[in-house]
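Here is query27.cif, consisting of mmCIF, C-alpha atoms and all ligand atoms:
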```
data_input
loop_
_atom_site.label_atom_id
_atom_site.label_comp_id
_atom_site.auth_asym_id
_atom_site.auth_seq_id
_atom_site.Cartn_x
_atom_site.Cartn_y
_atom_site.Cartn_z
CA MET E 1354 4.12 -9.93 21.58
CA LYS E 1355 6.75 -7.35 22.47
CA ILE E 1356 5.48 -3.79 22.73
CA PHE E 1357 7.91 -0.93 22.14
CA THR E 1358 7.11 2.75 22.49
CA THR E 1359 10.53 4.29 21.76
CA ARG E 1360 12.78 4.31 18.71
CA GLN E 1361 15.66 3.23 20.93
CA GLU E 1362 13.87 0.06 22.06
CA VAL E 1363 13.22 -0.90 18.44
CA ALA E 1364 16.83 -0.18 17.43
CA GLN E 1365 18.17 -2.17 20.38
CA TYR E 1366 15.94 -5.14 19.60
CA PHE E 1367 17.05 -5.25 15.99
CA THR E 1368 20.77 -5.07 16.93
CA TYR E 1369 20.50 -8.76 17.71
CA LYS E 1370 18.58 -9.65 14.57
CA THR E 1371 20.33 -12.40 12.66
CA GLY E 1372 19.11 -13.90 9.42
CA LYS E 1373 15.49 -12.86 9.99
CA THR E 1374 13.22 -11.32 7.39
CA THR E 1375 11.24 -8.51 8.93
CA GLY E 1376 7.77 -7.82 7.59
CA PHE E 1377 6.22 -4.48 8.56
CA VAL E 1378 2.55 -3.48 8.72
CA PRO E 1379 2.22 0.25 9.49
CA THR E 1380 -1.25 1.22 10.77
CA MET E 1381 -3.08 3.96 12.60
CA GLY E 1382 -4.83 1.42 14.82
CA ALA E 1383 -8.57 0.80 15.16
CA LEU E 1384 -7.66 -2.54 13.68
CA HIS E 1385 -10.09 -4.69 11.72
CA ASN E 1386 -9.81 -7.85 9.67
CA GLY E 1387 -8.31 -5.88 6.77
CA HIS E 1388 -5.27 -5.09 8.94
CA ILE E 1389 -5.15 -8.65 10.23
CA SER E 1390 -5.07 -9.93 6.64
CA LEU E 1391 -1.91 -7.81 6.14
CA ILE E 1392 -0.33 -9.37 9.24
CA LYS E 1393 -1.26 -12.85 7.97
CA GLN E 1394 0.18 -12.14 4.54
CA ALA E 1395 3.40 -10.84 6.14
CA GLN E 1396 3.63 -13.97 8.31
CA GLN E 1397 3.56 -16.16 5.22
CA VAL E 1398 6.71 -14.67 3.75
CA CYS E 1399 8.64 -13.16 6.70
CA THR E 1400 10.14 -14.69 9.82
CA GLU E 1401 9.12 -11.80 12.05
CA VAL E 1402 6.25 -9.31 11.80
CA VAL E 1403 6.24 -5.79 13.22
CA CYS E 1404 3.04 -3.73 13.32
CA SER E 1405 3.03 -0.03 14.17
CA ILE E 1406 0.10 1.86 15.59
CA PHE E 1407 0.55 5.60 15.26
CA VAL E 1408 -2.19 8.10 14.46
CA ASN E 1409 -0.04 10.40 12.37
CA PRO E 1410 -1.07 14.05 12.82
CA THR E 1411 0.78 15.31 9.72
CA GLN E 1412 -1.49 13.43 7.32
CA PHE E 1413 -4.75 14.91 8.63
CA ASN E 1414 -5.81 18.11 6.94
CA ASP E 1415 -8.93 18.35 9.11
CA PRO E 1416 -8.16 18.72 12.85
CA LYS E 1417 -11.66 17.41 13.70
CA ASP E 1418 -10.96 14.24 11.74
CA LEU E 1419 -7.71 13.74 13.71
CA GLU E 1420 -9.49 14.36 17.00
CA LYS E 1421 -12.26 11.86 16.34
CA TYR E 1422 -10.00 9.17 14.85
CA PRO E 1423 -10.78 5.98 16.86
CA ARG E 1424 -8.01 4.83 19.25
CA PRO E 1425 -9.10 1.53 20.87
CA ILE E 1426 -5.55 0.51 21.87
CA ALA E 1427 -6.49 -2.33 24.28
CA ALA E 1428 -8.68 -4.02 21.66
CA ASP E 1429 -5.95 -3.49 19.05
CA ILE E 1430 -3.32 -5.16 21.24
CA ALA E 1431 -5.67 -8.10 21.84
CA MET E 1432 -6.24 -8.51 18.08
CA LEU E 1433 -2.50 -8.40 17.35
CA GLU E 1434 -1.77 -10.95 20.11
CA GLN E 1435 -4.47 -13.19 18.70
CA ALA E 1436 -3.03 -12.85 15.18
CA GLY E 1437 0.42 -13.84 16.44
CA CYS E 1438 2.11 -10.52 15.63
CA ASP E 1439 5.67 -10.48 17.05
CA ILE E 1440 6.24 -6.79 17.77
CA LEU E 1441 4.07 -3.73 18.19
CA PHE E 1442 5.64 -0.29 17.87
CA ASN E 1443 3.28 2.23 19.48
CA PRO E 1444 5.09 5.57 19.82
CA THR E 1445 3.81 8.95 21.01
CA VAL E 1446 3.78 11.95 18.67
CA SER E 1447 6.84 13.49 20.37
CA GLU E 1448 8.75 10.22 19.92
CA ILE E 1449 8.30 10.54 16.17
CA TYR E 1450 8.39 14.29 15.54
CA ASP E 1451 10.45 17.22 16.76
CA ASP E 1452 8.63 20.55 16.99
CA ASP E 1453 8.20 22.33 13.65
CA GLU E 1454 9.70 19.53 11.61
CA LYS E 1455 9.61 20.15 7.87
CA TRP E 1456 9.20 17.57 5.13
CA HIS E 1457 8.65 17.73 1.39
CA LEU E 1458 9.37 15.20 -1.33
CA ASP E 1459 8.48 16.05 -4.90
CA ILE E 1460 6.69 13.08 -6.43
CA GLY E 1461 5.11 15.03 -9.27
CA ASN E 1462 1.42 15.27 -9.91
CA MET E 1463 0.48 11.97 -8.32
CA GLU E 1464 -0.02 13.51 -4.90
CA HIS E 1465 -2.41 16.14 -6.30
CA LEU E 1466 -4.78 13.78 -8.11
CA LEU E 1467 -7.92 12.10 -6.71
CA GLU E 1468 -7.47 12.02 -2.89
CA GLY E 1469 -4.83 14.74 -3.20
CA LYS E 1470 -7.40 17.19 -4.58
CA PHE E 1471 -9.67 16.70 -1.59
CA ARG E 1472 -6.95 16.28 1.05
CA PRO E 1473 -4.15 18.73 0.20
CA GLY E 1474 -0.89 17.81 1.94
CA HIS E 1475 -2.20 14.39 2.98
CA TYR E 1476 0.33 12.38 0.98
CA GLN E 1477 3.26 14.50 2.12
CA GLY E 1478 2.25 13.59 5.69
CA VAL E 1479 1.91 9.91 4.76
CA MET E 1480 5.37 9.87 3.12
CA GLN E 1481 6.89 11.76 6.06
CA VAL E 1482 5.72 9.20 8.60
CA VAL E 1483 6.29 6.10 6.47
CA ASN E 1484 9.84 7.30 5.74
CA LYS E 1485 10.42 7.71 9.49
CA LEU E 1486 8.88 4.35 10.34
CA PHE E 1487 10.92 2.58 7.63
CA ASN E 1488 14.09 4.18 9.05
CA ILE E 1489 13.22 3.02 12.56
CA VAL E 1490 11.99 -0.52 11.80
CA LYS E 1491 14.23 -1.13 8.74
CA PRO E 1492 11.88 -3.77 7.31
CA ASP E 1493 12.74 -6.09 4.45
CA MET E 1494 9.12 -6.01 3.29
CA ALA E 1495 6.18 -3.71 4.04
CA PHE E 1496 2.52 -4.56 3.53
CA PHE E 1497 -0.19 -2.07 2.58
CA GLY E 1498 -3.86 -2.54 1.75
CA GLN E 1499 -5.19 -1.95 -1.74
CA LYS E 1500 -8.05 0.06 -0.25
CA ASP E 1501 -5.64 3.00 -0.13
CA TYR E 1502 -4.58 2.39 -3.72
CA GLN E 1503 -3.16 5.86 -4.32
CA GLN E 1504 -1.27 5.68 -1.02
CA VAL E 1505 0.49 2.50 -2.19
CA MET E 1506 1.49 4.27 -5.42
CA VAL E 1507 2.76 7.32 -3.54
CA ILE E 1508 4.83 5.18 -1.16
CA THR E 1509 6.16 3.15 -4.10
CA LYS E 1510 7.32 6.39 -5.70
CA MET E 1511 9.01 7.54 -2.47
CA VAL E 1512 10.80 4.20 -2.05
CA GLU E 1513 12.04 4.47 -5.65
CA LEU E 1514 13.18 8.10 -5.32
CA LEU E 1515 14.96 7.53 -1.99
CA ASN E 1516 16.35 4.11 -2.97
CA MET E 1517 14.93 2.55 0.16
CA PRO E 1518 15.83 -1.15 0.54
CA VAL E 1519 12.30 -2.37 1.22
CA LYS E 1520 9.96 -4.47 -0.92
CA LEU E 1521 6.38 -3.21 -0.92
CA VAL E 1522 3.46 -5.62 -1.11
CA MET E 1523 -0.08 -4.49 -1.92
CA CYS E 1524 -2.68 -6.80 -0.37
CA PRO E 1525 -6.30 -7.19 -1.58
CA ILE E 1526 -9.16 -5.17 -0.08
CA GLN E 1527 -11.07 -7.04 2.62
CA ARG E 1528 -14.83 -6.59 2.42
CA GLU E 1529 -17.76 -7.24 4.73
CA THR E 1530 -20.10 -9.93 3.37
CA ASP E 1531 -22.36 -7.26 1.84
CA GLY E 1532 -19.42 -5.69 -0.05
CA LEU E 1533 -18.52 -2.71 2.17
CA ALA E 1534 -14.74 -2.24 2.18
CA MET E 1535 -13.35 -2.70 5.70
CA SER E 1536 -12.15 0.58 7.18
CA SER E 1537 -11.38 1.98 10.62
CA ARG E 1538 -13.82 4.76 9.80
CA ASN E 1539 -16.78 2.36 9.41
CA VAL E 1540 -17.36 2.54 13.19
CA HIS E 1541 -18.63 6.09 12.66
CA LEU E 1542 -21.37 5.01 10.23
CA THR E 1543 -24.94 5.09 11.51
CA ALA E 1544 -27.19 2.19 10.43
CA TYR E 1545 -28.64 4.50 7.74
CA ASP E 1546 -25.16 5.57 6.48
CA ARG E 1547 -23.97 1.98 6.51
CA GLU E 1548 -26.89 0.83 4.35
CA HIS E 1549 -26.41 3.58 1.76
CA ALA E 1550 -22.59 3.33 1.81
CA LEU E 1551 -22.98 0.02 -0.02
CA ILE E 1552 -23.52 2.03 -3.20
CA LEU E 1553 -19.73 2.53 -3.41
CA SER E 1554 -18.89 -1.14 -3.86
CA LYS E 1555 -22.07 -1.76 -5.90
CA THR E 1556 -21.10 0.99 -8.34
CA LEU E 1557 -17.54 -0.34 -8.65
CA GLY E 1558 -18.88 -3.85 -9.27
CA TRP E 1559 -21.33 -2.56 -11.90
CA ILE E 1560 -18.52 -0.73 -13.71
CA LYS E 1561 -16.34 -3.85 -13.70
CA GLU E 1562 -19.19 -5.91 -15.16
CA HIS E 1563 -19.88 -3.40 -17.93
CA PHE E 1564 -16.27 -2.47 -18.73
CA ASN E 1565 -16.15 -4.21 -22.08
CA VAL E 1566 -19.67 -3.17 -23.01
CA ASP E 1567 -19.79 0.61 -22.54
CA SER E 1568 -17.18 3.31 -23.21
CA ILE E 1569 -15.28 4.89 -20.31
CA PRO E 1570 -17.19 8.22 -20.54
CA GLU E 1571 -20.48 6.28 -20.53
CA LEU E 1572 -19.37 4.21 -17.53
CA GLN E 1573 -18.18 7.33 -15.74
CA GLN E 1574 -21.53 9.02 -16.29
CA GLN E 1575 -23.45 5.96 -15.16
CA ALA E 1576 -21.35 5.66 -12.00
CA GLU E 1577 -21.85 9.32 -11.12
CA GLN E 1578 -25.59 8.90 -11.61
CA MET E 1579 -25.70 5.83 -9.33
CA LEU E 1580 -23.79 7.67 -6.61
CA ASN E 1581 -25.75 10.91 -6.94
CA ASN E 1582 -29.07 9.08 -6.77
CA GLU E 1583 -28.22 7.33 -3.51
CA PRO E 1584 -29.82 9.00 -0.48
CA GLY E 1585 -27.39 10.18 2.20
CA ILE E 1586 -24.35 9.91 -0.09
CA ILE E 1587 -22.34 12.91 -1.24
CA PRO E 1588 -19.86 11.78 -3.91
CA GLU E 1589 -16.46 13.50 -4.09
CA TYR E 1590 -15.01 11.72 -7.10
CA PHE E 1591 -15.41 8.63 -9.23
CA GLU E 1592 -12.64 8.02 -11.73
CA ILE E 1593 -11.67 5.22 -14.10
CA VAL E 1594 -7.92 5.55 -14.71
CA ASP E 1595 -4.70 3.78 -15.65
CA GLY E 1596 -3.77 1.58 -12.68
CA ASP E 1597 -0.05 2.36 -12.98
CA THR E 1598 -0.14 6.12 -13.47
CA LEU E 1599 -3.58 7.18 -12.18
CA LYS E 1600 -3.83 9.19 -15.41
CA PRO E 1601 -6.53 8.73 -18.09
CA VAL E 1602 -6.63 5.33 -19.76
CA THR E 1603 -4.68 5.17 -23.05
CA ALA E 1604 -3.93 2.48 -25.64
CA ALA E 1605 -0.78 1.66 -23.62
CA THR E 1606 -2.72 1.06 -20.38
CA LYS E 1607 -2.06 -2.40 -18.92
CA LYS E 1608 -4.41 -2.27 -15.96
CA VAL E 1609 -7.45 -0.14 -15.22
CA VAL E 1610 -8.66 0.87 -11.79
CA ALA E 1611 -11.86 2.63 -10.74
CA LEU E 1612 -11.61 4.73 -7.58
CA VAL E 1613 -14.33 6.41 -5.58
CA ALA E 1614 -14.61 8.72 -2.58
CA ALA E 1615 -17.86 9.84 -1.00
CA ARG E 1616 -19.31 11.05 2.25
CA ALA E 1617 -21.87 8.85 3.94
CA GLY E 1618 -23.38 11.16 6.53
CA LYS E 1619 -20.40 12.59 8.41
CA THR E 1620 -18.02 9.81 7.39
CA ARG E 1621 -15.71 10.01 4.41
CA LEU E 1622 -15.22 6.67 2.66
CA ILE E 1623 -12.98 5.52 -0.19
CA ASP E 1624 -13.01 2.34 -2.23
CA ASN E 1625 -11.60 1.04 -5.52
CA MET E 1626 -11.60 -1.97 -7.80
CA LEU E 1627 -9.23 -3.27 -10.43
CA ILE E 1628 -11.36 -3.41 -13.54
CA TYR E 1629 -8.95 -5.47 -15.62
O1 LIG E 1701 -2.86 3.62 5.84
C1 LIG E 1701 -2.63 4.05 6.99
O2 LIG E 1701 -3.16 3.57 7.99
C2 LIG E 1701 -1.68 5.22 7.14
O3 LIG E 1701 -1.80 6.12 6.09
C3 LIG E 1701 -0.22 4.80 7.33
C4 LIG E 1701 0.32 4.09 6.11
C5 LIG E 1701 -0.10 3.88 8.55
C6 LIG E 1701 0.65 6.02 7.59
O4 LIG E 1701 0.25 6.72 8.72
#
```
Represent the structure from my file as structure tokens, please.
Amino acid sequence: MKIFTTRQEVAQYFTYKTGKTTGFVPTMGALHNGHISLIKQAQQVCTEVVCSIFVNPTQFNDPKDLEKYPRPIAADIAMLEQAGCDILFNPTVSEIYDDDEKWHLDIGNMEHLLEGKFRPGHYQGVMQVVNKLFNIVKPDMAFFGQKDYQQVMVITKMVELLNMPVKLVMCPIQRETDGLAMSSRNVHLTAYDREHALILSKTLGWIKEHFNVDSIPELQQQAEQMLNNEPGIIPEYFEIVDGDTLKPVTAATKKVVALVAARAGKTRLIDNMLIY
């Protein structure tokens, strides 16, 4: 695997690219099998796969969260080598950002819903860095995990608004055998948090099972009760919404998604499930 740390190295490498389809998997590192599944999916449809590892400061609204974000770079490189990734782009913050750089793209209300309510500015930071990374790597296709469902929708909107020539692919959530969605943040869970964190996927599963039985307000209430009753869990939101707009379900809704965020001890977790 080639490892590049500067934009120039990436640009130079791609000068000689002929007839290759580049698949891109942007990450913040602390890789797990969820990320590797994105690499594998990219390998199936692209001739060359680039992964980036960059802990993007502009998408963290809590400096403590940024500080404690796991950065096991040696283990990450080993996992990427093992997965057969072709190129790793691992820049420093100053390679990506100038001092006091400004960014804003109006994508309407989508950035203020759900995660946006709890993490103001988060999606502007995500769009800022993904826009930069797309401009550096110039991928034909980019692969994102469904676990960050709203993030995929936000990036889709940016790509549309800026007419970016990249095809986005959303890949299924990877779960541990007991149902916990894989996440880089899971390393922070104590055994107690880990056990009680299972209520997120259990609640989503319960809602999916009962979707055609109970009404949405009834399901919503039941989900909130399940989450509130779980020791050690502080729910932030649980919403059942239109999977294309993230707005309330209407008669025109084609797919429904349930999304949840909660704190398990000191760790903030998110999860979601397509209900139909
Ligand atoms: O999902 C992530 O890991 C990050 O939000 C991303 C897309 C790599 C941007 O920093």
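Neighbours of E:Ile1406 closer than or equal to 10 Å, with all atoms listed in the file counted and sequence neighbours fewer than 6 positions away skipped, come out as Thr1358, Val1378, Pro1379, Thr1380, Met1381, Gly1382, Ala1383, Leu1384, Arg1424, Ile1426, Asp1429, Ile1430, Leu1441, Phe1442, Asn1443, Pro1444 and Thr1445 of chain E.
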For E:Asp1418, work out the shell of residues within 12 Å, counting only C-alpha atoms and skipping chain neighbours fewer than 3 positions away, then give it as a VMD selection string. chain E and resid 1408 to 1415 1421 to 1423 1472 1538 1541 1619 to 1621
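The closest residue to ligand LIG 1701 (chain E), picked from E:Lys1417, E:Lys1370, E:Lys1555, E:Lys1485 and counting all atoms listed in the file, is E:Lys1485.
Of note, atom CA of E:Ala1576 and atom CA of E:Trp1559 are spaced 8.2 Å apart.
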Could you make a table, as CSV, of the residues of stretch 1499-1583 of chain E that have an atom within 10 Å of an atom of stretch 1599-1602 of chain E, each with its nearest atom pair and distance in Å to one decimal, counting all atoms listed in the file, in chain and number order?
```
residue,atom,partner,partner_atom,distance
E:Tyr1502,CA,E:Leu1599,CA,9.8
E:Gln1503,CA,E:Leu1599,CA,8.0
E:Met1506,CA,E:Leu1599,CA,8.9
E:Ile1569,CA,E:Val1602,CA,8.7
```
Kindly reconstruct stretch 1365-1376 of chain E with all heavy atoms and present the result as a PDB file, keeping the file's coordinate frame.
```
ATOM      1  N   GLN E1365      17.448  -1.214  19.523  1.00  0.00           N
ATOM      2  CA  GLN E1365      18.170  -2.170  20.380  1.00  0.00           C
ATOM      3  C   GLN E1365      17.745  -3.607  20.065  1.00  0.00           C
ATOM      4  O   GLN E1365      18.567  -4.492  19.943  1.00  0.00           O
ATOM      5  CB  GLN E1365      17.823  -1.861  21.829  1.00  0.00           C
ATOM      6  CG  GLN E1365      18.912  -2.207  22.772  1.00  0.00           C
ATOM      7  CD  GLN E1365      18.657  -1.492  24.105  1.00  0.00           C
ATOM      8  OE1 GLN E1365      17.611  -0.870  24.310  1.00  0.00           O
ATOM      9  NE2 GLN E1365      19.592  -1.590  25.009  1.00  0.00           N
ATOM     10  N   TYR E1366      16.441  -3.797  19.884  1.00  0.00           N
ATOM     11  CA  TYR E1366      15.940  -5.140  19.600  1.00  0.00           C
ATOM     12  C   TYR E1366      16.547  -5.667  18.297  1.00  0.00           C
ATOM     13  O   TYR E1366      16.991  -6.808  18.214  1.00  0.00           O
ATOM     14  CB  TYR E1366      14.409  -5.129  19.498  1.00  0.00           C
ATOM     15  CG  TYR E1366      13.847  -6.473  19.094  1.00  0.00           C
ATOM     16  CD1 TYR E1366      13.694  -7.484  20.034  1.00  0.00           C
ATOM     17  CD2 TYR E1366      13.517  -6.740  17.767  1.00  0.00           C
ATOM     18  CE1 TYR E1366      13.220  -8.730  19.662  1.00  0.00           C
ATOM     19  CE2 TYR E1366      13.042  -7.980  17.392  1.00  0.00           C
ATOM     20  CZ  TYR E1366      12.893  -8.981  18.341  1.00  0.00           C
ATOM     21  OH  TYR E1366      12.430 -10.210  17.968  1.00  0.00           O
ATOM     22  N   PHE E1367      16.592  -4.791  17.293  1.00  0.00           N
ATOM     23  CA  PHE E1367      17.050  -5.250  15.990  1.00  0.00           C
ATOM     24  C   PHE E1367      18.578  -5.363  15.878  1.00  0.00           C
ATOM     25  O   PHE E1367      19.079  -5.920  14.921  1.00  0.00           O
ATOM     26  CB  PHE E1367      16.461  -4.401  14.859  1.00  0.00           C
ATOM     27  CG  PHE E1367      15.029  -4.758  14.585  1.00  0.00           C
ATOM     28  CD1 PHE E1367      13.997  -3.867  14.850  1.00  0.00           C
ATOM     29  CD2 PHE E1367      14.711  -6.018  14.098  1.00  0.00           C
ATOM     30  CE1 PHE E1367      12.683  -4.220  14.619  1.00  0.00           C
ATOM     31  CE2 PHE E1367      13.393  -6.385  13.869  1.00  0.00           C
ATOM     32  CZ  PHE E1367      12.375  -5.484  14.133  1.00  0.00           C
ATOM     33  N   THR E1368      19.317  -4.891  16.899  1.00  0.00           N
ATOM     34  CA  THR E1368      20.770  -5.070  16.930  1.00  0.00           C
ATOM     35  C   THR E1368      21.101  -6.549  16.913  1.00  0.00           C
ATOM     36  O   THR E1368      22.103  -6.988  16.357  1.00  0.00           O
ATOM     37  CB  THR E1368      21.349  -4.467  18.240  1.00  0.00           C
ATOM     38  OG1 THR E1368      20.809  -3.187  18.392  1.00  0.00           O
ATOM     39  CG2 THR E1368      22.858  -4.401  18.216  1.00  0.00           C
ATOM     40  N   TYR E1369      20.220  -7.327  17.575  1.00  0.00           N
ATOM     41  CA  TYR E1369      20.500  -8.760  17.710  1.00  0.00           C
ATOM     42  C   TYR E1369      19.838  -9.602  16.622  1.00  0.00           C
ATOM     43  O   TYR E1369      19.803 -10.805  16.674  1.00  0.00           O
ATOM     44  CB  TYR E1369      20.054  -9.243  19.097  1.00  0.00           C
ATOM     45  CG  TYR E1369      20.694  -8.444  20.178  1.00  0.00           C
ATOM     46  CD1 TYR E1369      19.949  -7.531  20.912  1.00  0.00           C
ATOM     47  CD2 TYR E1369      22.054  -8.552  20.422  1.00  0.00           C
ATOM     48  CE1 TYR E1369      20.556  -6.752  21.885  1.00  0.00           C
ATOM     49  CE2 TYR E1369      22.670  -7.774  21.385  1.00  0.00           C
ATOM     50  CZ  TYR E1369      21.912  -6.870  22.119  1.00  0.00           C
ATOM     51  OH  TYR E1369      22.512  -6.095  23.061  1.00  0.00           O
ATOM     52  N   LYS E1370      19.280  -8.919  15.628  1.00  0.00           N
ATOM     53  CA  LYS E1370      18.580  -9.650  14.570  1.00  0.00           C
ATOM     54  C   LYS E1370      19.587 -10.371  13.668  1.00  0.00           C
ATOM     55  O   LYS E1370      20.496  -9.759  13.137  1.00  0.00           O
ATOM     56  CB  LYS E1370      17.766  -8.631  13.764  1.00  0.00           C
ATOM     57  CG  LYS E1370      17.303  -9.083  12.422  1.00  0.00           C
ATOM     58  CD  LYS E1370      16.424  -8.006  11.792  1.00  0.00           C
ATOM     59  CE  LYS E1370      16.451  -8.092  10.284  1.00  0.00           C
ATOM     60  NZ  LYS E1370      15.491  -7.243   9.629  1.00  0.00           N
ATOM     61  N   THR E1371      19.423 -11.672  13.562  1.00  0.00           N
ATOM     62  CA  THR E1371      20.330 -12.400  12.660  1.00  0.00           C
ATOM     63  C   THR E1371      19.511 -13.267  11.717  1.00  0.00           C
ATOM     64  O   THR E1371      18.708 -14.089  12.163  1.00  0.00           O
ATOM     65  CB  THR E1371      21.294 -13.323  13.449  1.00  0.00           C
ATOM     66  OG1 THR E1371      20.513 -14.007  14.420  1.00  0.00           O
ATOM     67  CG2 THR E1371      22.445 -12.573  14.079  1.00  0.00           C
ATOM     68  N   GLY E1372      19.738 -13.060  10.446  1.00  0.00           N
ATOM     69  CA  GLY E1372      19.110 -13.900   9.420  1.00  0.00           C
ATOM     70  C   GLY E1372      17.596 -13.918   9.432  1.00  0.00           C
ATOM     71  O   GLY E1372      16.985 -14.859   8.945  1.00  0.00           O
ATOM     72  N   LYS E1373      16.960 -12.874   9.994  1.00  0.00           N
ATOM     73  CA  LYS E1373      15.490 -12.860   9.990  1.00  0.00           C
ATOM     74  C   LYS E1373      14.992 -11.911   8.919  1.00  0.00           C
ATOM     75  O   LYS E1373      15.629 -10.902   8.636  1.00  0.00           O
ATOM     76  CB  LYS E1373      14.967 -12.386  11.346  1.00  0.00           C
ATOM     77  CG  LYS E1373      15.081 -13.433  12.424  1.00  0.00           C
ATOM     78  CD  LYS E1373      14.353 -12.969  13.663  1.00  0.00           C
ATOM     79  CE  LYS E1373      14.358 -14.056  14.725  1.00  0.00           C
ATOM     80  NZ  LYS E1373      13.883 -13.564  16.012  1.00  0.00           N
ATOM     81  N   THR E1374      13.841 -12.244   8.341  1.00  0.00           N
ATOM     82  CA  THR E1374      13.220 -11.320   7.390  1.00  0.00           C
ATOM     83  C   THR E1374      12.123 -10.599   8.133  1.00  0.00           C
ATOM     84  O   THR E1374      11.200 -11.223   8.662  1.00  0.00           O
ATOM     85  CB  THR E1374      12.570 -12.109   6.228  1.00  0.00           C
ATOM     86  OG1 THR E1374      13.461 -13.141   5.843  1.00  0.00           O
ATOM     87  CG2 THR E1374      12.248 -11.224   5.065  1.00  0.00           C
ATOM     88  N   THR E1375      12.234  -9.283   8.180  1.00  0.00           N
ATOM     89  CA  THR E1375      11.240  -8.510   8.930  1.00  0.00           C
ATOM     90  C   THR E1375      10.151  -7.978   7.995  1.00  0.00           C
ATOM     91  O   THR E1375      10.430  -7.267   7.034  1.00  0.00           O
ATOM     92  CB  THR E1375      11.914  -7.312   9.638  1.00  0.00           C
ATOM     93  OG1 THR E1375      12.983  -7.822  10.418  1.00  0.00           O
ATOM     94  CG2 THR E1375      10.939  -6.558  10.515  1.00  0.00           C
ATOM     95  N   GLY E1376       8.931  -8.337   8.314  1.00  0.00           N
ATOM     96  CA  GLY E1376       7.770  -7.820   7.590  1.00  0.00           C
ATOM     97  C   GLY E1376       7.142  -6.725   8.441  1.00  0.00           C
ATOM     98  O   GLY E1376       7.027  -6.871   9.657  1.00  0.00           O
TER      99      GLY E1376
END
```
